[in-house]
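K.L.:
Dropping a structure here in structure tokens format, bear with me for questions.
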There are 2 protein chains.
Amino acid sequence: MQQTTIVMNKCDQCIVRQLSSLKALNKDEVIKLASSKTSYKIKKGEAIFEEGEVTNGVFCIKDGVGKLSKLSANGKDQIVKLVKSGELLGQRSMISNEPANLTAKAIADMEVCFIPKTEIINFFNNNNQFSLNLMQSVCEDLKESENEKIALVQKTVKQRLAETLLHLHDEFGEDTDKTLRVQLTREELAGIIGTATESCIRLLSDFNKLGLIELVGKKIMLKDIRALKKLADN
Amino acid sequence: MQQTTIVMNKCDQCIVRQLSSLKALNKDEVIKLASSKTSYKIKKGEAIFEEGEVTNGVFCIKDGVGKLSKLSANGKDQIVKLVKSGELLGQRSMISNEPANLTAKAIADMEVCFIPKTEIINFFNNNNQFSLNLMQSVCEDLKESENEKIALVQKTVKQRLAETLLHLHDEFGEDTDKTLRVQLTREELAGIIGTATESCIRLLSDFNKLGLIELVGKKIMLKDIRALKKLADN
DNA sequence: AATATTATATGACAATTATCATCTTAATAA
DNA sequence: TTATTAAGATGATAATTGTCATATAATATT
């Protein structure tokens, strides 16, 4: 009895349970969830799943940061989305009944839990609020993807870099030294904005010289957010 | 009584009912649907809804072709997706409870039906298969959007043009004269692949000279699909 | 039919961005 | 520590693509 309570609490207190579609689950469902999940630790650089893999469930991100990306023919890694704690991973391919379309890798050490598909489908069919939440989450991803698609075409690399820096600042915040908390390599940053690594580095230098940002070793500090916003929009 | 039957048949026979998420609806639900829908005719060039508009429902496309697009600051229209008969329009913003993110316009004369949100939410909550279908449809859109996003960055304009021509051929087929059935202006085609109209025209000329396509007035005939595929992939 | 308007086409040129080479600095392994 | 490798930085150059100008063809309007 007590054991059940402990297990339930584990998921009940979890940040994913608080932030994701899973917030719609009731006590009994959380207990079921806790007993069917499995936990993993994933080191920086390691994959959670690879493109083409059949995952048969979703991953809850308890801690860390990950990237969803696709390798191109010429060996470049295009990053489609970053994910952080509180989010679910692999919803789309699970629902579509398809192998993963993208590869998920850890950018910072991660703690994740795997929830089997059967469990999720069960919640989906029996809990309207959960299915609506899940639906809205995918819809949010779709909207974001469409808008990014438009930005890729309508904005220059410079604008996209400014936009991405602001976005990273908004979503992940600052370290104590005022630099961006997410530690991306220049290559990864280039992969997000969709450009060559050298172009990305060059523009960062330009931004630095213009006083828009400051490069602290490999880390980036946003110095003039207003100017970055202006640059990104116009 | 007879009237009800007639009305039901109207929706029951409809191509949208056969192809979209609505195929999961049972007889009673179709009757409800038929009584709550309103029909419209939309002329080529006219809008079904505009970006920022609150639609409060979805549109069934009975006939015609439409485009979902967003106007950029510099006046260019980026086309995000083409829609054709059998598809639903406006699902995402309805589910997200947001105004439309994109503008929907007719490329060819359209016949559409509007279904109010209350009706859809009702089906969503009471019919698991319908909610799953709807979910899968949004997931399909998401996958496509992500893949196009990647293509926009990793492929050249030439490759994207080849890819888009093949895609249009697959999805909309040929007219009796072997040309592509969808009649897009060069400007619209440029808006899909995300390039300047002049660049698009120039590349079409190149493709023509290379024997990949043939330009029959404003219409386009694919002559060497194998070569176009090779070009698009590599 | 004549005129106006819009779409398509093409040349010339500029701007952006990618590629390749090289160098420096930082991180990691031996 | 030293050697080795990887990441970051920058110059030189080429390729791609966008912009502007202008011409022609197609369509619409009077």
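Residues in the structure tokens are named by chain (A, B, ... in the order shown) and by number from 1 within that chain; ligands are numbered from 1 in the order shown.
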Would you mind writing down, as an MDAnalysis selection string, each residue of segment 56-203 of chain B that DSSP on the backbone assigns to strand (DSSP E)?

P.N.:
chainID B and resid 57:71 77:84 88:89 103:116

K.L.:
How about saving the chosen residues, C-alpha atoms kept, as a compact mmCIF listing (two decimals), in the first residue's frame?

P.N.:
# COMPACT_ATOMS: atom_id res chain seq x y z
CA GLY B 57 -15.04 25.68 -37.12
CA VAL B 58 -13.58 23.70 -39.97
CA PHE B 59 -14.13 23.76 -43.71
CA CYS B 60 -14.71 20.62 -45.76
CA ILE B 61 -13.41 20.90 -49.29
CA LYS B 62 -15.92 19.30 -51.63
CA ASP B 63 -14.33 20.51 -54.80
CA GLY B 64 -11.50 22.70 -56.07
CA VAL B 65 -8.00 23.52 -54.91
CA GLY B 66 -6.86 25.97 -52.28
CA LYS B 67 -3.63 27.33 -50.91
CA LEU B 68 -2.61 28.10 -47.34
CA SER B 69 -0.16 30.96 -47.29
CA LYS B 70 1.38 33.78 -45.32
CA LEU B 71 2.26 37.21 -46.59
CA ASP B 77 3.24 35.15 -50.44
CA GLN B 78 4.81 32.01 -49.00
CA ILE B 79 2.61 29.00 -49.70
CA VAL B 80 2.67 26.52 -46.84
CA LYS B 81 0.36 23.86 -48.20
CA LEU B 82 -2.06 23.12 -51.01
CA VAL B 83 -5.38 21.57 -50.17
CA LYS B 84 -7.79 19.67 -52.40
CA LEU B 88 -10.47 19.48 -44.00
CA LEU B 89 -9.25 23.02 -43.50
CA THR B 103 -4.69 32.69 -45.15
CA ALA B 104 -6.69 30.20 -47.23
CA LYS B 105 -7.46 31.16 -50.82
CA ALA B 106 -8.96 29.35 -53.77
CA ILE B 107 -6.59 28.51 -56.62
CA ALA B 108 -9.39 26.90 -58.57
CA ASP B 109 -13.12 27.50 -57.96
CA MET B 110 -14.10 25.74 -54.76
CA GLU B 111 -17.12 24.25 -53.06
CA VAL B 112 -16.75 24.07 -49.30
CA CYS B 113 -18.91 23.32 -46.29
CA PHE B 114 -18.45 24.94 -42.91
CA ILE B 115 -18.88 22.82 -39.80
CA PRO B 116 -19.17 24.71 -36.51

K.L.:
Listing only residues of chain A within 8 Å of chain B, what is the closest atom pair and its distance in Å (to one decimal) for each, using only C-alpha atoms, sorted by chain and residue number ascending, as a tab-separated table?

P.N.:
residue	atom	partner	partner_atom	distance
A:Lys70	CA	B:Ile150	CA	7.7
A:Ser72	CA	B:Gln154	CA	6.7
A:Ala73	CA	B:Asn234	CA	7.9
A:Gln78	CA	B:Ile150	CA	6.6
A:Val80	CA	B:Glu146	CA	6.9
A:Arg92	CA	B:Cys139	CA	5.6
A:Ser93	CA	B:Cys139	CA	7.9
A:Ile95	CA	B:Gln136	CA	6.3
A:Ser96	CA	B:Gln136	CA	5.5
A:Asn101	CA	B:Lys143	CA	7.5
A:Asn125	CA	B:Asn128	CA	6.0
A:Asn128	CA	B:Asn125	CA	6.0
A:Ser131	CA	B:Ser131	CA	8.0
A:Met135	CA	B:Met135	CA	6.1
A:Gln136	CA	B:Ser96	CA	5.5
A:Val138	CA	B:Cys139	CA	6.8
A:Cys139	CA	B:Arg92	CA	5.6
A:Glu140	CA	B:Ser96	CA	7.2
A:Asp141	CA	B:Leu142	CA	7.3
A:Leu142	CA	B:Leu142	CA	5.0
A:Lys143	CA	B:Asn101	CA	7.5
A:Ser145	CA	B:Ser145	CA	6.3
A:Glu146	CA	B:Ser145	CA	6.3
A:Glu148	CA	B:Lys149	CA	7.6
A:Lys149	CA	B:Lys149	CA	5.2
A:Ile150	CA	B:Gln78	CA	6.6
A:Leu152	CA	B:Leu152	CA	7.3
A:Val153	CA	B:Gly194	CA	5.5
A:Gln154	CA	B:Ser72	CA	6.7
A:Gly194	CA	B:Val153	CA	5.5
A:Thr195	CA	B:Val153	CA	7.4
A:Asn234	CA	B:Ala73	CA	7.9

K.L.:
Just N, CA, C and O atoms for this one: save the residues we selected as a short mmCIF file (atom, residue, chain, number, x, y, z; two decimals), in the first residue's frame.

P.N.:
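To be explicit, this is the file written out as selection19.cif:
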data_model
loop_
_atom_site.label_atom_id
_atom_site.label_comp_id
_atom_site.auth_asym_id
_atom_site.auth_seq_id
_atom_site.Cartn_x
_atom_site.Cartn_y
_atom_site.Cartn_z
N LYS A 70 17.73 15.76 -38.36
CA LYS A 70 17.79 14.84 -39.49
C LYS A 70 19.09 15.07 -40.24
O LYS A 70 19.46 16.20 -40.52
N SER A 72 21.44 15.14 -43.39
CA SER A 72 21.25 15.31 -44.83
C SER A 72 22.26 14.45 -45.59
O SER A 72 23.15 13.86 -45.01
N ALA A 73 22.06 14.41 -46.90
CA ALA A 73 22.94 13.62 -47.76
C ALA A 73 24.40 14.08 -47.64
O ALA A 73 25.31 13.25 -47.64
N GLN A 78 20.46 18.81 -39.71
CA GLN A 78 19.49 19.90 -39.59
C GLN A 78 18.66 19.69 -38.33
O GLN A 78 17.97 18.68 -38.19
N VAL A 80 15.59 20.25 -36.06
CA VAL A 80 14.20 20.63 -36.29
C VAL A 80 13.59 21.28 -35.06
O VAL A 80 12.79 22.19 -35.15
N ARG A 92 4.37 12.18 -32.06
CA ARG A 92 3.87 12.14 -33.43
C ARG A 92 4.00 10.76 -34.06
O ARG A 92 3.04 10.22 -34.60
N SER A 93 5.20 10.19 -33.98
CA SER A 93 5.38 8.91 -34.66
C SER A 93 4.57 7.81 -33.97
O SER A 93 4.10 6.88 -34.62
N ILE A 95 1.58 8.21 -32.59
CA ILE A 95 0.19 8.37 -33.03
C ILE A 95 0.02 7.97 -34.49
O ILE A 95 -0.95 7.33 -34.88
N SER A 96 1.00 8.35 -35.31
CA SER A 96 0.93 8.02 -36.73
C SER A 96 1.24 6.56 -37.00
O SER A 96 1.11 6.10 -38.13
N ASN A 101 10.71 9.82 -37.46
CA ASN A 101 11.11 10.58 -38.65
C ASN A 101 12.40 11.34 -38.38
O ASN A 101 13.11 11.73 -39.30
N ASN A 125 -8.03 7.17 -25.13
CA ASN A 125 -9.40 6.73 -25.37
C ASN A 125 -10.33 6.98 -24.20
O ASN A 125 -11.54 7.06 -24.36
N ASN A 128 -10.87 12.40 -22.07
CA ASN A 128 -11.04 13.42 -23.12
C ASN A 128 -10.09 14.59 -22.97
O ASN A 128 -9.60 15.13 -23.95
N SER A 131 -6.67 13.58 -24.27
CA SER A 131 -6.58 13.52 -25.73
C SER A 131 -6.60 14.91 -26.33
O SER A 131 -5.88 15.21 -27.29
N MET A 135 -3.56 16.52 -28.44
CA MET A 135 -3.91 17.11 -29.72
C MET A 135 -3.40 18.54 -29.81
O MET A 135 -2.79 18.94 -30.81
N GLN A 136 -3.62 19.30 -28.78
CA GLN A 136 -3.19 20.70 -28.79
C GLN A 136 -1.69 20.83 -28.82
O GLN A 136 -1.14 21.75 -29.42
N VAL A 138 0.39 18.70 -30.28
CA VAL A 138 0.83 18.45 -31.66
C VAL A 138 0.50 19.65 -32.55
O VAL A 138 1.28 20.05 -33.41
N CYS A 139 -0.67 20.25 -32.29
CA CYS A 139 -1.07 21.44 -33.06
C CYS A 139 -0.09 22.58 -32.84
O CYS A 139 0.24 23.32 -33.77
N GLU A 140 0.35 22.73 -31.63
CA GLU A 140 1.33 23.77 -31.30
C GLU A 140 2.63 23.53 -32.08
O GLU A 140 3.19 24.45 -32.67
N ASP A 141 3.06 22.28 -32.09
CA ASP A 141 4.26 21.92 -32.86
C ASP A 141 4.08 22.25 -34.33
O ASP A 141 4.99 22.74 -34.99
N LEU A 142 2.88 21.96 -34.84
CA LEU A 142 2.61 22.20 -36.26
C LEU A 142 2.68 23.68 -36.58
O LEU A 142 3.31 24.09 -37.56
N LYS A 143 2.07 24.48 -35.73
CA LYS A 143 2.08 25.92 -35.95
C LYS A 143 3.51 26.45 -35.96
O LYS A 143 3.90 27.22 -36.84
N SER A 145 6.24 24.80 -36.51
CA SER A 145 6.97 24.28 -37.68
C SER A 145 6.65 25.08 -38.93
O SER A 145 7.53 25.43 -39.72
N GLU A 146 5.37 25.40 -39.10
CA GLU A 146 4.96 26.17 -40.29
C GLU A 146 5.57 27.57 -40.26
O GLU A 146 6.05 28.07 -41.27
N GLU A 148 8.28 28.48 -38.74
CA GLU A 148 9.72 28.39 -38.96
C GLU A 148 10.02 28.15 -40.43
O GLU A 148 11.00 28.64 -40.97
N LYS A 149 9.16 27.38 -41.05
CA LYS A 149 9.31 27.12 -42.48
C LYS A 149 9.25 28.43 -43.25
O LYS A 149 10.06 28.69 -44.15
N ILE A 150 8.30 29.26 -42.88
CA ILE A 150 8.16 30.56 -43.54
C ILE A 150 9.38 31.44 -43.28
O ILE A 150 9.91 32.07 -44.19
N LEU A 152 12.36 30.50 -42.65
CA LEU A 152 13.52 29.97 -43.37
C LEU A 152 13.61 30.56 -44.77
O LEU A 152 14.69 30.80 -45.29
N VAL A 153 12.47 30.80 -45.36
CA VAL A 153 12.44 31.29 -46.74
C VAL A 153 12.47 32.82 -46.78
O VAL A 153 13.13 33.42 -47.61
N GLN A 154 11.73 33.43 -45.89
CA GLN A 154 11.52 34.87 -46.00
C GLN A 154 12.58 35.69 -45.29
O GLN A 154 12.67 36.89 -45.50
N GLY A 194 19.90 26.69 -40.10
CA GLY A 194 19.99 26.15 -41.46
C GLY A 194 21.00 26.88 -42.30
O GLY A 194 20.68 27.45 -43.34
N THR A 195 22.24 26.86 -41.86
CA THR A 195 23.30 27.50 -42.64
C THR A 195 24.61 26.75 -42.41
O THR A 195 24.65 25.80 -41.64
N ASN A 234 12.93 42.97 -39.03
CA ASN A 234 13.00 43.73 -40.27
C ASN A 234 14.16 43.34 -41.17
O ASN A 234 14.56 42.26 -41.33
#

K.L.:
Can you work out which residues from chain A touch chain D at a cut-off of 10 Å (counting only C-alpha atoms (C1' of nucleotides)) and hand them back as number ranges by chain?

P.N.:
A: 185-187, 197-198, 201-202, 205, 217-218

K.L.:
Any idea which chain C residues end up within 12 Å of chain A if we count only C-alpha atoms (C1' of nucleotides), as a list in words please?

P.N.:
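In the required form, that comes to DA15, DT16, DT17, DA18, DT19, DC20, DT25, DA26 and DA27 of chain C.
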
K.L.:
So how far away is atom CA of Phe130 of chain B from atom CA of Lys23 of chain B, in Å?

P.N.:
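A separation of 7.7 Å between them.
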
K.L.:
Please give the complete set of residues from segment 79-233 of chain B that DSSP, run on the backbone, assigns to helix (DSSP H, G or I), formatted as an mmCIF file with C-alpha atoms, in the first residue's frame.

P.N.:
data_model
loop_
_atom_site.group_PDB
_atom_site.id
_atom_site.type_symbol
_atom_site.label_atom_id
_atom_site.label_comp_id
_atom_site.auth_asym_id
_atom_site.auth_seq_id
_atom_site.Cartn_x
_atom_site.Cartn_y
_atom_site.Cartn_z
ATOM 1 C CA GLN B 91 -8.429 22.012 -37.955
ATOM 2 C CA ARG B 92 -5.319 23.274 -36.259
ATOM 3 C CA SER B 93 -6.469 26.731 -35.285
ATOM 4 C CA MET B 94 -9.823 25.368 -34.176
ATOM 5 C CA ILE B 95 -8.201 22.846 -31.850
ATOM 6 C CA SER B 96 -5.610 25.322 -30.588
ATOM 7 C CA LYS B 117 -16.647 24.023 -33.790
ATOM 8 C CA THR B 118 -19.257 22.834 -31.267
ATOM 9 C CA GLU B 119 -20.148 20.008 -33.602
ATOM 10 C CA ILE B 120 -16.538 18.906 -34.123
ATOM 11 C CA ILE B 121 -15.727 19.053 -30.403
ATOM 12 C CA ASN B 122 -18.772 16.927 -29.787
ATOM 13 C CA PHE B 123 -17.610 14.278 -32.231
ATOM 14 C CA PHE B 124 -14.117 14.536 -30.792
ATOM 15 C CA ASN B 125 -15.320 13.821 -27.265
ATOM 16 C CA ASN B 126 -17.729 11.038 -28.115
ATOM 17 C CA ASN B 128 -12.647 7.778 -30.250
ATOM 18 C CA GLN B 129 -12.006 6.790 -33.817
ATOM 19 C CA PHE B 130 -12.821 10.275 -35.016
ATOM 20 C CA SER B 131 -10.488 11.913 -32.496
ATOM 21 C CA LEU B 132 -7.753 9.466 -33.427
ATOM 22 C CA ASN B 133 -8.278 10.206 -37.132
ATOM 23 C CA LEU B 134 -8.176 13.929 -36.521
ATOM 24 C CA MET B 135 -5.043 13.517 -34.459
ATOM 25 C CA GLN B 136 -3.385 11.439 -37.146
ATOM 26 C CA SER B 137 -4.279 13.986 -39.760
ATOM 27 C CA VAL B 138 -2.593 16.776 -37.799
ATOM 28 C CA CYS B 139 0.377 14.473 -37.190
ATOM 29 C CA GLU B 140 0.640 13.849 -40.907
ATOM 30 C CA ASP B 141 0.678 17.610 -41.519
ATOM 31 C CA LEU B 142 3.384 17.994 -38.894
ATOM 32 C CA LYS B 143 5.588 15.337 -40.420
ATOM 33 C CA GLU B 144 5.205 16.878 -43.852
ATOM 34 C CA SER B 145 5.943 20.343 -42.537
ATOM 35 C CA GLU B 146 9.099 19.164 -40.767
ATOM 36 C CA ASN B 147 10.348 17.365 -43.835
ATOM 37 C CA GLU B 148 9.690 20.384 -46.016
ATOM 38 C CA LYS B 149 11.488 22.543 -43.511
ATOM 39 C CA ILE B 150 14.514 20.309 -43.844
ATOM 40 C CA ALA B 151 14.273 20.307 -47.631
ATOM 41 C CA LEU B 152 14.146 24.097 -47.675
ATOM 42 C CA VAL B 153 17.510 24.246 -45.988
ATOM 43 C CA GLN B 154 19.281 21.220 -47.355
ATOM 44 C CA VAL B 157 16.152 25.950 -55.385
ATOM 45 C CA LYS B 158 16.660 23.736 -58.439
ATOM 46 C CA GLN B 159 16.176 20.584 -56.386
ATOM 47 C CA ARG B 160 13.130 22.013 -54.662
ATOM 48 C CA LEU B 161 11.555 22.931 -57.987
ATOM 49 C CA ALA B 162 12.082 19.413 -59.314
ATOM 50 C CA GLU B 163 10.675 17.970 -56.107
ATOM 51 C CA THR B 164 7.648 20.264 -56.159
ATOM 52 C CA LEU B 165 6.825 19.472 -59.781
ATOM 53 C CA LEU B 166 6.891 15.759 -58.972
ATOM 54 C CA HIS B 167 4.800 16.339 -55.899
ATOM 55 C CA LEU B 168 2.180 18.283 -57.850
ATOM 56 C CA HIS B 169 2.136 15.521 -60.435
ATOM 57 C CA ASP B 170 1.611 12.867 -57.765
ATOM 58 C CA GLU B 171 -1.019 14.712 -55.834
ATOM 59 C CA PHE B 172 -3.075 16.356 -58.559
ATOM 60 C CA ARG B 186 4.831 31.069 -61.797
ATOM 61 C CA GLU B 187 4.484 33.362 -58.814
ATOM 62 C CA GLU B 188 2.542 30.744 -56.868
ATOM 63 C CA LEU B 189 4.991 28.027 -57.809
ATOM 64 C CA ALA B 190 7.799 30.294 -56.584
ATOM 65 C CA GLY B 191 5.813 30.782 -53.379
ATOM 66 C CA ILE B 192 5.734 27.033 -52.783
ATOM 67 C CA ILE B 193 9.426 26.396 -53.315
ATOM 68 C CA THR B 197 9.411 34.489 -59.211
ATOM 69 C CA GLU B 198 12.173 35.275 -61.712
ATOM 70 C CA SER B 199 14.372 32.476 -60.368
ATOM 71 C CA CYS B 200 11.481 30.068 -60.717
ATOM 72 C CA ILE B 201 10.791 31.131 -64.312
ATOM 73 C CA ARG B 202 14.469 30.887 -65.172
ATOM 74 C CA LEU B 203 14.775 27.372 -63.803
ATOM 75 C CA LEU B 204 11.629 26.274 -65.629
ATOM 76 C CA SER B 205 13.282 27.513 -68.826
ATOM 77 C CA ASP B 206 16.413 25.544 -67.970
ATOM 78 C CA PHE B 207 14.398 22.404 -67.268
ATOM 79 C CA ASN B 208 12.636 22.947 -70.576
ATOM 80 C CA LYS B 209 15.916 23.225 -72.476
ATOM 81 C CA ILE B 225 10.189 11.998 -64.397
ATOM 82 C CA ARG B 226 13.157 9.745 -63.719
ATOM 83 C CA ALA B 227 15.623 12.564 -64.331
ATOM 84 C CA LEU B 228 13.550 14.959 -62.221
ATOM 85 C CA LYS B 229 13.603 12.456 -59.375
ATOM 86 C CA LYS B 230 17.339 12.066 -59.642
ATOM 87 C CA LEU B 231 17.756 15.816 -59.625
ATOM 88 C CA ALA B 232 15.478 16.240 -56.617
ATOM 89 C CA ASP B 233 17.220 13.598 -54.536
#
